[in-house]
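**Q** Before anything else, here's the structure in question.
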Amino acid sequence: MEKVHNAKSDDPEKMTGMSPKATSFEDGENKGVTFIHVDPNDGDEALKAFEGQEAIVMTEEMERNLLRKIDWNLMPMLCVVYGLNYLDKTTLSYASIMGMQSAIHLHGTNYQWLGSMFYIGYLAWEYPTNRFLQRLPLAKWSAFNIIMWGGTLCCMAAVENFAGAVAVRFFLGVFEAAVTPGFALFTSQWYTRKEQGTRTGIWFSFNGFAQIFGGLVAYGISTGVKKHGAGIDSWQIVFLTIGLITVMVGCIFLYFMPDNQLNAKFLTPQERIMAIERIRKNQQGVGNKHFKMYQFKEALTDPMTWAFVFFALVADIPNGGISNFFSQLIVSFGYTPDQSLLYGTPGGAVEVVFLIVCGYLGDKFGRRVLVGMSGMITSIVGMLLIVCLPFSNPSGRLAGYYLTQSSPTGFVALLSLISSNVAGYTKKTTVGALYLIAYCTGNIIGPQTFRPEDKPRYIPAEITINVCYAVCTLDLAFIHWYYVRRNKMNEGVRAQPGYRKLDKQEFLDLTDRENPEFVYTL
């Protein structure tokens with residue numbers, strides 16, 4: 001059976017024409033529906049694809065084949081780069097127990113500040129880099145940052161003191177600031193709402209694969225240098241190895257990754273149109289390069305923006321602490337430094353399983369937020385094991401650490417909802433920037449909760465982490481309730497007598513709150 005998509009008119013019975021002026025409907029009881037910001041000359045980039053295009057005909061088999069082609073060409077690059085993104089910033093944790101702290105003369109809270117400095121750089125550059133992601137070609141700007149952060153990581157091998165390490169960590173944060181918001185934009189460009197949660201979960205899950213890979217690499221280098229010796233210290237080799245791999249991958253990304261469907265080398269001209277047509281149902285397009293002040297203001301006044309920001313801030317206090325101290329935390333359970341490099345790797349496997357399974361189930365049942373809460377609850381159980389079990393039970397406390405690695409499910413669920421539920425390109429990039437600014441702030445606070453005087457148990461930090469997980473679970477419940485309410489409101493507007501949909505309304509760069517056709521993903 002064929003599915004016919006008409007590029008000119010999605011539903012002729014409920015369409016009205018476009019005009020650069022404000023468009024309103026005064027029929028019957030639908031007086032409140034007014035499109036103030038409709039301008040077909042400043043819509044989405046997708047409108048260019050349909051100039052002179054009469055109709056698109058796709059069978060379900062054609063659409064499946066196209067999706068498979070998109071997946072095989074985009075997902076491997078997104079996954080590998082995102083794994084390196086996590087590995088590059090957490091290499092510091094491996095180096096901390098491989099001799100780096102004594103080699104560069106760290107003392108007191110110096111190490112905590114190195115952990116936080118990455119996020120200070122990230123925080124300082126997050127909004128500017130989001131503006132560049134909107135204004136510049138998406139893939140080219142992303143690739144530039146990948147190559148630069150790989151080169152910056154290599155510089156960590158050359159630092160000789162705390163000041164040098166602070167400078168390198170700051171710029172590492174600056175260059176990595178583009179990757180998460182950029183990948184959220186890639187996901188919203190290429191995938192339908194029902195596909196975005198699973199894809200976001202898959203590429204984010206490579207944080208876990210990176211933890212496994214990084215632990216094995218660090219262990220191999222550490223034991224190899226002890227056995228055979230080397231011209232430089234083992235911690236320096238770790239930074240150089242992972243940094244050079246990142247530079248190489250960044251060059252591959254630059255060559256192969258398209259900015260959007262319109263310049264995708266792996267698609268035929270007809271497939272490019274089909275790739276845009278299939279995301280019409282998102283009520284979003286592939287991007288608009290102009291800054292729109294009304295969308296910026298709407299982002300700042302939307303309650304969901306601040307619910308997302310609050311979650312990112314509170315959820316990433318635990319993340320900032322654990323990601324920088326997990327090797328030292330495992331050592332505090334009674335294991336040796338080399339053992340901690342190996343025993344940290346199963347935590348990555350837990351993260352991979354939870355993110356992929358929750359991403360799939362969230363899309364399958366249409367309940368991303370509620371499914372994402374399961375990881376938060378599991379993390380609460382894990383942290384309780386670490387806090388409550390005695391020193392005499394190191395394996396039980398280690399199992400608790402593994403369970404805490406399920407905590408990213410809530411963060412990833414909301415990250416995927418920025419792709420699915422925030423429309424209007426200026427609004428989307430603004431919400432993405434604020435979300436990640438809060439993420440940075442939480443990660444700056446996190447390492448400071450692991451105070452030297454609390455060694456070896458770090459009980460105040462562990463209690464703080466558990467409280468944060470509980471508060472985040474309540475915030476997710478509120479977000480789910482609010483989106484259910486908004487969907488009912490939009491459904492009521494669409495049911496009013498006289499309601500008419502604009503021609504190509506989904507590609508006019510309207511925000512989610514001004515477009516009654518918008519259906520929020522739950």
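Here's how to read the names in the structure tokens: chain A, B, ... by the order shown, residue numbers from 1 in each chain, ligand numbers from 1 in the order shown.
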Give me the residues within 8 Å of stretch 279-296 of chain A as number ranges by chain, counting only C-alpha atoms and dropping any in the same chain fewer than 2 places off.
**A** A: 42-46, 134-136, 188-193, 260-261, 275-277, 298-300, 420, 423-427, 430, 505-507, 509-511, 517-518
**Q** For the residues selected in the previous step, produce a file with N, CA and C atoms as a JSON list (two decimals), in the first residue's frame.
**A**
[["chain", "number", "residue", "atom", "x", "y", "z"],
["A", 42, "ASP", "N", 10.91, 33.67, 5.60],
["A", 42, "ASP", "CA", 11.87, 33.44, 6.68],
["A", 42, "ASP", "C", 11.47, 32.19, 7.45],
["A", 43, "GLY", "N", 11.09, 31.18, 6.69],
["A", 43, "GLY", "CA", 10.70, 29.92, 7.29],
["A", 43, "GLY", "C", 11.90, 29.00, 7.44],
["A", 44, "ASP", "N", 11.62, 27.71, 7.45],
["A", 44, "ASP", "CA", 12.68, 26.73, 7.64],
["A", 44, "ASP", "C", 13.42, 26.47, 6.32],
["A", 45, "GLU", "N", 14.67, 25.99, 6.46],
["A", 45, "GLU", "CA", 15.46, 25.63, 5.27],
["A", 45, "GLU", "C", 14.74, 24.59, 4.43],
["A", 46, "ALA", "N", 13.88, 23.79, 5.05],
["A", 46, "ALA", "CA", 13.17, 22.73, 4.32],
["A", 46, "ALA", "C", 12.28, 23.28, 3.21],
["A", 134, "GLN", "N", 23.56, 27.39, 15.14],
["A", 134, "GLN", "CA", 22.43, 27.85, 14.34],
["A", 134, "GLN", "C", 22.90, 28.59, 13.10],
["A", 135, "ARG", "N", 23.91, 29.41, 13.26],
["A", 135, "ARG", "CA", 24.33, 30.32, 12.19],
["A", 135, "ARG", "C", 25.23, 29.66, 11.14],
["A", 136, "LEU", "N", 26.11, 28.76, 11.58],
["A", 136, "LEU", "CA", 27.09, 28.15, 10.69],
["A", 136, "LEU", "C", 26.63, 26.76, 10.26],
["A", 188, "SER", "N", 17.02, 15.88, 15.72],
["A", 188, "SER", "CA", 15.72, 16.48, 15.37],
["A", 188, "SER", "C", 15.60, 16.70, 13.87],
["A", 189, "GLN", "N", 16.72, 16.93, 13.18],
["A", 189, "GLN", "CA", 16.71, 17.13, 11.73],
["A", 189, "GLN", "C", 16.34, 15.87, 10.96],
["A", 190, "TRP", "N", 16.86, 14.76, 11.39],
["A", 190, "TRP", "CA", 16.84, 13.54, 10.57],
["A", 190, "TRP", "C", 15.79, 12.52, 10.98],
["A", 191, "TYR", "N", 15.27, 12.59, 12.20],
["A", 191, "TYR", "CA", 14.40, 11.52, 12.69],
["A", 191, "TYR", "C", 13.05, 12.04, 13.14],
["A", 192, "THR", "N", 12.04, 11.19, 13.00],
["A", 192, "THR", "CA", 10.70, 11.55, 13.46],
["A", 192, "THR", "C", 10.65, 11.47, 14.98],
["A", 193, "ARG", "N", 9.60, 12.06, 15.56],
["A", 193, "ARG", "CA", 9.49, 12.07, 17.02],
["A", 193, "ARG", "C", 9.53, 10.66, 17.60],
["A", 260, "ASN", "N", 22.80, 18.93, 6.72],
["A", 260, "ASN", "CA", 21.39, 18.55, 6.77],
["A", 260, "ASN", "C", 21.08, 17.70, 5.54],
["A", 261, "GLN", "N", 19.80, 17.40, 5.33],
["A", 261, "GLN", "CA", 19.43, 16.53, 4.22],
["A", 261, "GLN", "C", 19.80, 17.13, 2.86],
["A", 275, "ALA", "N", 13.76, 12.50, 2.60],
["A", 275, "ALA", "CA", 14.26, 12.55, 3.97],
["A", 275, "ALA", "C", 13.68, 13.75, 4.72],
["A", 276, "ILE", "N", 13.42, 14.84, 4.01],
["A", 276, "ILE", "CA", 12.78, 16.00, 4.63],
["A", 276, "ILE", "C", 11.28, 15.75, 4.79],
["A", 277, "GLU", "N", 10.67, 15.16, 3.77],
["A", 277, "GLU", "CA", 9.23, 14.90, 3.81],
["A", 277, "GLU", "C", 8.85, 14.01, 4.99],
["A", 298, "GLU", "N", 10.24, 33.68, 24.27],
["A", 298, "GLU", "CA", 9.35, 32.56, 24.62],
["A", 298, "GLU", "C", 10.12, 31.46, 25.36],
["A", 299, "ALA", "N", 11.36, 31.21, 24.95],
["A", 299, "ALA", "CA", 12.17, 30.21, 25.64],
["A", 299, "ALA", "C", 12.36, 30.59, 27.11],
["A", 300, "LEU", "N", 12.53, 31.88, 27.38],
["A", 300, "LEU", "CA", 12.76, 32.33, 28.75],
["A", 300, "LEU", "C", 11.50, 32.34, 29.60],
["A", 420, "SER", "N", 12.43, 16.78, 20.29],
["A", 420, "SER", "CA", 11.05, 16.49, 19.90],
["A", 420, "SER", "C", 10.05, 17.59, 20.26],
["A", 423, "ALA", "N", 10.11, 23.57, 19.49],
["A", 423, "ALA", "CA", 10.09, 23.96, 18.09],
["A", 423, "ALA", "C", 10.37, 25.44, 17.95],
["A", 424, "GLY", "N", 10.81, 25.82, 16.74],
["A", 424, "GLY", "CA", 11.33, 27.16, 16.50],
["A", 424, "GLY", "C", 12.83, 27.09, 16.72],
["A", 425, "TYR", "N", 13.62, 27.34, 15.68],
["A", 425, "TYR", "CA", 15.05, 27.02, 15.77],
["A", 425, "TYR", "C", 15.78, 27.89, 16.78],
["A", 426, "THR", "N", 15.41, 29.17, 16.88],
["A", 426, "THR", "CA", 16.03, 30.02, 17.89],
["A", 426, "THR", "C", 15.64, 29.55, 19.29],
["A", 427, "LYS", "N", 14.38, 29.19, 19.48],
["A", 427, "LYS", "CA", 13.94, 28.69, 20.78],
["A", 427, "LYS", "C", 14.65, 27.38, 21.12],
["A", 430, "THR", "N", 18.21, 28.01, 22.12],
["A", 430, "THR", "CA", 18.26, 28.69, 23.42],
["A", 430, "THR", "C", 17.98, 27.74, 24.57],
["A", 505, "GLN", "N", 2.56, 24.63, 7.22],
["A", 505, "GLN", "CA", 2.69, 25.21, 8.56],
["A", 505, "GLN", "C", 3.87, 24.62, 9.33],
["A", 506, "GLU", "N", 4.12, 23.31, 9.11],
["A", 506, "GLU", "CA", 5.18, 22.63, 9.85],
["A", 506, "GLU", "C", 6.58, 23.13, 9.49],
["A", 507, "PHE", "N", 6.71, 23.83, 8.35],
["A", 507, "PHE", "CA", 8.02, 24.30, 7.90],
["A", 507, "PHE", "C", 8.14, 25.82, 7.96],
["A", 509, "ASP", "N", 8.90, 27.51, 10.75],
["A", 509, "ASP", "CA", 9.74, 27.85, 11.90],
["A", 509, "ASP", "C", 8.90, 28.47, 13.03],
["A", 510, "LEU", "N", 7.72, 27.90, 13.26],
["A", 510, "LEU", "CA", 6.89, 28.31, 14.38],
["A", 510, "LEU", "C", 7.36, 27.61, 15.64],
["A", 511, "THR", "N", 7.10, 28.21, 16.80],
["A", 511, "THR", "CA", 7.45, 27.55, 18.06],
["A", 511, "THR", "C", 6.37, 26.53, 18.42],
["A", 517, "GLU", "N", -1.00, 22.66, 15.90],
["A", 517, "GLU", "CA", -0.82, 21.33, 15.35],
["A", 517, "GLU", "C", 0.23, 20.52, 16.12],
["A", 518, "PHE", "N", 0.96, 21.18, 16.99],
["A", 518, "PHE", "CA", 2.07, 20.52, 17.67],
["A", 518, "PHE", "C", 1.55, 19.54, 18.72]]
**Q** Based on DSSP run over this structure's backbone, return all residues of stretch 77-204 of chain A in alpha helix (DSSP H), as a PyMOL selection string.
**A** chain A and resi 77-96+100-103+110-135+138-155+162-176+179-190+193-204
**Q** Residues as selected, C-alpha atoms, written as a tab-separated table (two decimals), in the first residue's frame, can you do that?
**A**
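Contents of part.tsv, freshly written:
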chain	number	residue	atom	x	y	z
A	77	MET	CA	29.66	8.79	13.54
A	78	LEU	CA	27.37	10.19	16.22
A	79	CYS	CA	28.03	7.20	18.48
A	80	VAL	CA	31.83	7.15	18.16
A	81	VAL	CA	32.20	10.91	18.59
A	82	TYR	CA	29.89	10.99	21.61
A	83	GLY	CA	31.83	8.17	23.20
A	84	LEU	CA	35.06	10.11	22.70
A	85	ASN	CA	33.35	13.20	24.15
A	86	TYR	CA	32.83	11.34	27.42
A	87	LEU	CA	36.19	9.58	27.36
A	88	ASP	CA	38.18	12.77	26.73
A	89	LYS	CA	36.79	14.62	29.73
A	90	THR	CA	37.01	11.62	32.11
A	91	THR	CA	40.57	10.64	31.14
A	92	LEU	CA	41.52	12.87	34.08
A	93	SER	CA	40.00	10.28	36.45
A	94	TYR	CA	42.24	7.52	35.06
A	95	ALA	CA	45.32	9.77	35.12
A	96	SER	CA	44.65	10.73	38.75
A	100	MET	CA	49.59	12.55	37.43
A	101	GLN	CA	48.77	14.17	40.77
A	102	SER	CA	52.33	13.86	42.10
A	103	ALA	CA	53.90	14.60	38.71
A	110	ASN	CA	43.60	21.23	43.20
A	111	TYR	CA	42.20	18.01	41.73
A	112	GLN	CA	38.60	19.00	42.49
A	113	TRP	CA	39.16	22.28	40.66
A	114	LEU	CA	40.60	20.48	37.62
A	115	GLY	CA	37.38	18.48	37.49
A	116	SER	CA	35.30	21.65	37.72
A	117	MET	CA	37.42	23.72	35.33
A	118	PHE	CA	36.31	21.68	32.33
A	119	TYR	CA	32.72	22.69	33.04
A	120	ILE	CA	33.63	26.33	33.66
A	121	GLY	CA	34.99	26.47	30.09
A	122	TYR	CA	31.91	24.58	28.87
A	123	LEU	CA	29.64	27.02	30.74
A	124	ALA	CA	31.40	30.14	29.43
A	125	TRP	CA	31.11	29.06	25.80
A	126	GLU	CA	27.80	27.16	25.77
A	127	TYR	CA	25.50	29.94	24.57
A	128	PRO	CA	27.94	31.36	21.96
A	129	THR	CA	28.55	27.91	20.51
A	130	ASN	CA	24.78	27.33	20.26
A	131	ARG	CA	24.48	30.53	18.25
A	132	PHE	CA	27.26	29.26	15.97
A	133	LEU	CA	25.45	25.92	15.63
A	134	GLN	CA	22.43	27.85	14.34
A	135	ARG	CA	24.33	30.32	12.19
A	138	LEU	CA	26.09	22.34	11.60
A	139	ALA	CA	28.47	19.52	10.64
A	140	LYS	CA	31.40	21.82	9.83
A	141	TRP	CA	31.25	23.65	13.16
A	142	SER	CA	30.86	20.37	15.03
A	143	ALA	CA	33.85	18.83	13.22
A	144	PHE	CA	36.04	21.87	13.95
A	145	ASN	CA	35.32	21.51	17.65
A	146	ILE	CA	35.97	17.74	17.66
A	147	ILE	CA	39.41	18.21	16.07
A	148	MET	CA	40.27	21.07	18.42
A	149	TRP	CA	39.25	19.22	21.58
A	150	GLY	CA	41.34	16.20	20.53
A	151	GLY	CA	44.37	18.44	20.06
A	152	THR	CA	43.68	20.15	23.38
A	153	LEU	CA	43.54	16.80	25.18
A	154	CYS	CA	46.99	15.93	23.80
A	155	CYS	CA	48.28	19.11	25.48
A	162	PHE	CA	48.43	23.03	38.25
A	163	ALA	CA	48.20	26.31	36.29
A	164	GLY	CA	48.94	24.60	32.99
A	165	ALA	CA	46.41	21.85	33.69
A	166	VAL	CA	43.74	24.45	34.55
A	167	ALA	CA	44.27	26.22	31.21
A	168	VAL	CA	44.04	22.99	29.21
A	169	ARG	CA	40.93	21.77	31.05
A	170	PHE	CA	39.22	25.14	30.48
A	171	PHE	CA	39.76	25.01	26.70
A	172	LEU	CA	38.79	21.35	26.58
A	173	GLY	CA	35.43	22.43	28.00
A	174	VAL	CA	35.15	25.26	25.46
A	175	PHE	CA	35.58	22.92	22.49
A	176	GLU	CA	33.39	20.12	23.84
A	179	VAL	CA	28.82	18.36	20.79
A	180	THR	CA	25.69	17.64	22.88
A	181	PRO	CA	23.50	20.50	21.56
A	182	GLY	CA	24.78	19.81	18.05
A	183	PHE	CA	23.86	16.14	18.25
A	184	ALA	CA	20.40	17.01	19.59
A	185	LEU	CA	19.95	19.19	16.48
A	186	PHE	CA	21.14	16.39	14.17
A	187	THR	CA	18.62	14.05	15.79
A	188	SER	CA	15.72	16.48	15.37
A	189	GLN	CA	16.71	17.13	11.73
A	190	TRP	CA	16.84	13.54	10.57
A	193	ARG	CA	9.49	12.07	17.02
A	194	LYS	CA	8.86	8.33	17.44
A	195	GLU	CA	12.48	7.60	16.46
A	196	GLN	CA	14.31	10.32	18.37
A	197	GLY	CA	14.24	8.80	21.87
A	198	THR	CA	15.78	5.52	20.72
A	199	ARG	CA	18.46	7.25	18.61
A	200	THR	CA	19.38	9.69	21.37
A	201	GLY	CA	19.63	6.78	23.82
A	202	ILE	CA	21.90	4.88	21.43
A	203	TRP	CA	24.42	7.65	20.76
A	204	PHE	CA	24.41	8.78	24.40
**Q** Between atom CA of A:Ala461 and atom CA of A:Ser406, what is the distance, to one decimal in Å?
**A**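 Atom-to-atom, atom CA of A:Ala461 and atom CA of A:Ser406 are spaced 18.3 Å apart.
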**Q** Choose the residue, out of A:Ile445, A:Phe365, A:Glu63, A:Ala315, that has the smallest atom-to-atom separation from A:Val471; count only C-alpha atoms.
**A** A:Ala315
**Q** Between atom CA of A:Pro76 and atom CA of A:Glu60, what is the distance, to one decimal in Å?
**A** 24.3 Å
**Q** Under the rule that only C-alpha atoms are counted, which of A:Asn161, A:Asn65, A:Ser374, A:Ser332 is the nearest residue to A:Pro394?
**A**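 Among A:Asn161, A:Asn65, A:Ser374, A:Ser332, it is A:Ser332 that comes nearest to A:Pro394.
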**Q** Considering only C-alpha atoms, state which residue in the set A:Thr246, A:Ser419, A:Thr473, A:Ser395 is at the smallest distance from A:Ile330.
**A**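 Nearest candidate to A:Ile330 out of A:Thr246, A:Ser419, A:Thr473, A:Ser395: A:Ser395.
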**Q** Which residues are near stretch 352-355 of chain A? Cut-off 10 Å, only C-alpha atoms, ignore same chain within fewer than 3 positions. Put them as a PyMOL selection string.
**A** chain A and resi 197-198+200-211+346-349+358-361+372+374-375+403+405-410+412-413
**Q** Which distance in Å separates atom CA of A:Ser222 and atom CA of A:Met98, to one decimal?
**A**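 That distance, rounded to one decimal, is 7.0 Å.
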**Q** Determine, counting only C-alpha atoms, which protein, DNA and RNA residues have an atom within 12 Å of an atom of stretch 333-344 of chain A; residues of the same chain fewer than 4 positions away are not included. Present the result as a ChimeraX atom specification.
**A** /A:91,93-99,208-224,226,322-323,325-329,348-351,386-387,389-405,455-458
**Q** Using only C-alpha atoms, pick whichever of A:Tyr469, A:Tyr255, A:Phe239, A:Tyr482 has the shortest atom-to-atom distance to A:Ala307.
**A**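 When distances to A:Ala307 are compared using only C-alpha atoms, the smallest one comes from A:Tyr482.
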